[in-house]
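Trainee: Structure supplied as run.pdb; contents: PDB, C-alpha atoms.
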MODEL        1
ATOM      1  CA  MET X 146      88.586 102.036  89.183
ATOM      2  CA  LYS X 147      85.800 100.219  90.944
ATOM      3  CA  ASP X 148      85.468 102.379  94.073
ATOM      4  CA  SER X 149      84.214 105.835  93.120
ATOM      5  CA  ASN X 150      85.813 107.349  96.238
ATOM      6  CA  ILE X 151      89.338 106.401  95.180
ATOM      7  CA  LEU X 152      91.164 109.078  93.205
ATOM      8  CA  VAL X 153      94.668 107.587  93.047
ATOM      9  CA  ALA X 154      95.883 104.090  93.926
ATOM     10  CA  ILE X 155      99.423 102.733  94.073
ATOM     11  CA  THR X 156      99.851  98.985  94.449
ATOM     12  CA  ALA X 157     102.870  96.710  94.740
ATOM     13  CA  SER X 158     102.256  92.985  94.350
ATOM     14  CA  ARG X 159     103.943  89.687  93.597
ATOM     15  CA  GLU X 160     103.438  88.077  90.240
ATOM     16  CA  LYS X 161     105.322  84.809  89.852
ATOM     17  CA  ASP X 162     108.923  85.691  90.760
ATOM     18  CA  GLU X 163     108.618  89.448  90.255
ATOM     19  CA  ILE X 164     107.454  92.377  92.322
ATOM     20  CA  VAL X 165     105.342  94.644  90.131
ATOM     21  CA  TYR X 166     103.672  97.960  90.795
ATOM     22  CA  SER X 167     100.741  99.768  89.297
ATOM     23  CA  VAL X 168      99.465 103.311  89.519
ATOM     24  CA  GLU X 169      95.836 104.067  88.724
ATOM     25  CA  CYS X 170      93.762 107.212  88.734
ATOM     26  CA  ALA X 171      90.079 107.957  88.438
ATOM     27  CA  ASN X 172      88.770 109.056  85.059
ATOM     28  CA  ASN X 173      87.347 112.280  86.442
ATOM     29  CA  ILE X 174      90.592 113.917  87.609
ATOM     30  CA  THR X 175      92.878 116.064  85.491
ATOM     31  CA  ASN X 176      96.547 115.349  84.854
ATOM     32  CA  GLU X 177      97.422 118.278  87.128
ATOM     33  CA  GLU X 178      95.325 116.805  89.956
ATOM     34  CA  PHE X 179      96.912 113.392  89.401
ATOM     35  CA  GLU X 180     100.416 114.862  89.552
ATOM     36  CA  TYR X 181      99.528 116.850  92.672
ATOM     37  CA  TYR X 182      98.085 113.798  94.457
ATOM     38  CA  LEU X 183     101.161 111.730  93.586
ATOM     39  CA  SER X 184     103.517 114.430  94.867
ATOM     40  CA  GLU X 185     101.528 114.721  98.091
ATOM     41  CA  ILE X 186     101.609 110.931  98.544
ATOM     42  CA  VAL X 187     105.402 110.904  98.106
ATOM     43  CA  SER X 188     105.743 113.860 100.478
ATOM     44  CA  GLY X 189     103.637 112.058 103.077
ATOM     45  CA  ILE X 190     105.717 108.891 102.751
ATOM     46  CA  CYS X 191     108.902 110.935 103.191
ATOM     47  CA  LYS X 192     107.513 112.500 106.386
ATOM     48  CA  TRP X 193     106.371 109.130 107.687
ATOM     49  CA  LYS X 194     109.502 107.155 106.771
ATOM     50  CA  LYS X 195     112.228 109.769 106.677
ATOM     51  CA  GLY X 196     114.988 107.221 106.127
ATOM     52  CA  ILE X 197     113.527 106.213 102.779
ATOM     53  CA  CYS X 198     113.919 109.703 101.382
ATOM     54  CA  GLU X 199     117.043 110.867 103.188
ATOM     55  CA  GLU X 200     119.346 108.058 104.281
ATOM     56  CA  ASN X 201     119.011 105.460 101.570
ATOM     57  CA  ILE X 202     119.002 107.617  98.464
ATOM     58  CA  ARG X 203     122.538 108.409  97.431
ATOM     59  CA  SER X 204     121.990 109.720  93.973
ATOM     60  CA  TYR X 205     119.101 110.280  91.631
ATOM     61  CA  LYS X 206     118.881 112.065  88.342
ATOM     62  CA  GLY X 207     115.853 112.636  86.183
ATOM     63  CA  THR X 208     114.143 115.163  83.966
ATOM     64  CA  ILE X 209     110.829 116.894  84.353
ATOM     65  CA  ASP X 210     108.782 117.761  81.299
ATOM     66  CA  LYS X 211     107.438 121.281  80.988
ATOM     67  CA  MET X 212     103.800 121.699  81.949
ATOM     68  CA  LYS X 213     101.545 122.105  78.988
TER      69      LYS X 213
ENDMDL
END
Step by step, read the file and then write its structure as structure tokens.

Mentor:
Amino acid sequence: MKDSNILVAITASREKDEIVYSVECANNITNEEFEYYLSEIVSGICKWKKGICEENIRSYKGTIDKMK
């Protein structure tokens, strides 16, 4: 990452006819820090745009790997 102040960046962009996203993290943060920052970002988005997290999601299923 070019800017040394940025720890985590999430970007959505258009490439040709597709919308693509990327997630980047600084080299100097641990996996645990990265996971924490991502969860805090999602939590903040859910507080800011409550409808995204509550109204529009009808069903979701996933698995979480055990922490090492």

Trainee: Measuring between only C-alpha atoms, which one of X:Cys198, X:Leu183, X:Cys191, X:Cys170 shows the shortest distance to Leu152 of chain X?

Mentor: X:Cys170

Trainee: Take the PyMOL selection byres ((chain X and resi 167) around 7), run it mentally on this structure, and tell me the resulting residues as a PyMOL selection string.

Mentor: chain X and resi 155-157+165-166+168-169

Trainee: Now that the selection is made, can you save its residues with C-alpha atoms as a PDB file, keeping the file's coordinate frame?

Mentor:
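See part24.pdb below for the written result:
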ATOM      1  CA  ILE X 155      99.423 102.733  94.073  1.00  0.00           C
ATOM      2  CA  THR X 156      99.851  98.985  94.449  1.00  0.00           C
ATOM      3  CA  ALA X 157     102.870  96.710  94.740  1.00  0.00           C
ATOM      4  CA  VAL X 165     105.342  94.644  90.131  1.00  0.00           C
ATOM      5  CA  TYR X 166     103.672  97.960  90.795  1.00  0.00           C
ATOM      6  CA  VAL X 168      99.465 103.311  89.519  1.00  0.00           C
ATOM      7  CA  GLU X 169      95.836 104.067  88.724  1.00  0.00           C
TER       8      GLU X 169
END

Trainee: Mind giving me the straight-line distance from atom CA of Ile197 of chain X to atom CA of Glu185 of chain X in Å, one decimal?

Mentor: 15.4 Å

Trainee: From the list X:Val153, X:Ser158, X:Ser188, X:Gly196, which residue is nearest Ala171 of chain X when using all atoms listed in the file?

Mentor: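 Ranked by minimum distance to Ala171 of chain X, first place goes to X:Val153.
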
Trainee: What does the distance between atom CA of Glu178 of chain X and atom CA of Glu160 of chain X come to in Å, to one decimal place?

Mentor: 29.9 Å

Trainee: How many Å separate atom CA of Asn150 of chain X from atom CA of Lys192 of chain X?

Mentor: 24.5 Å
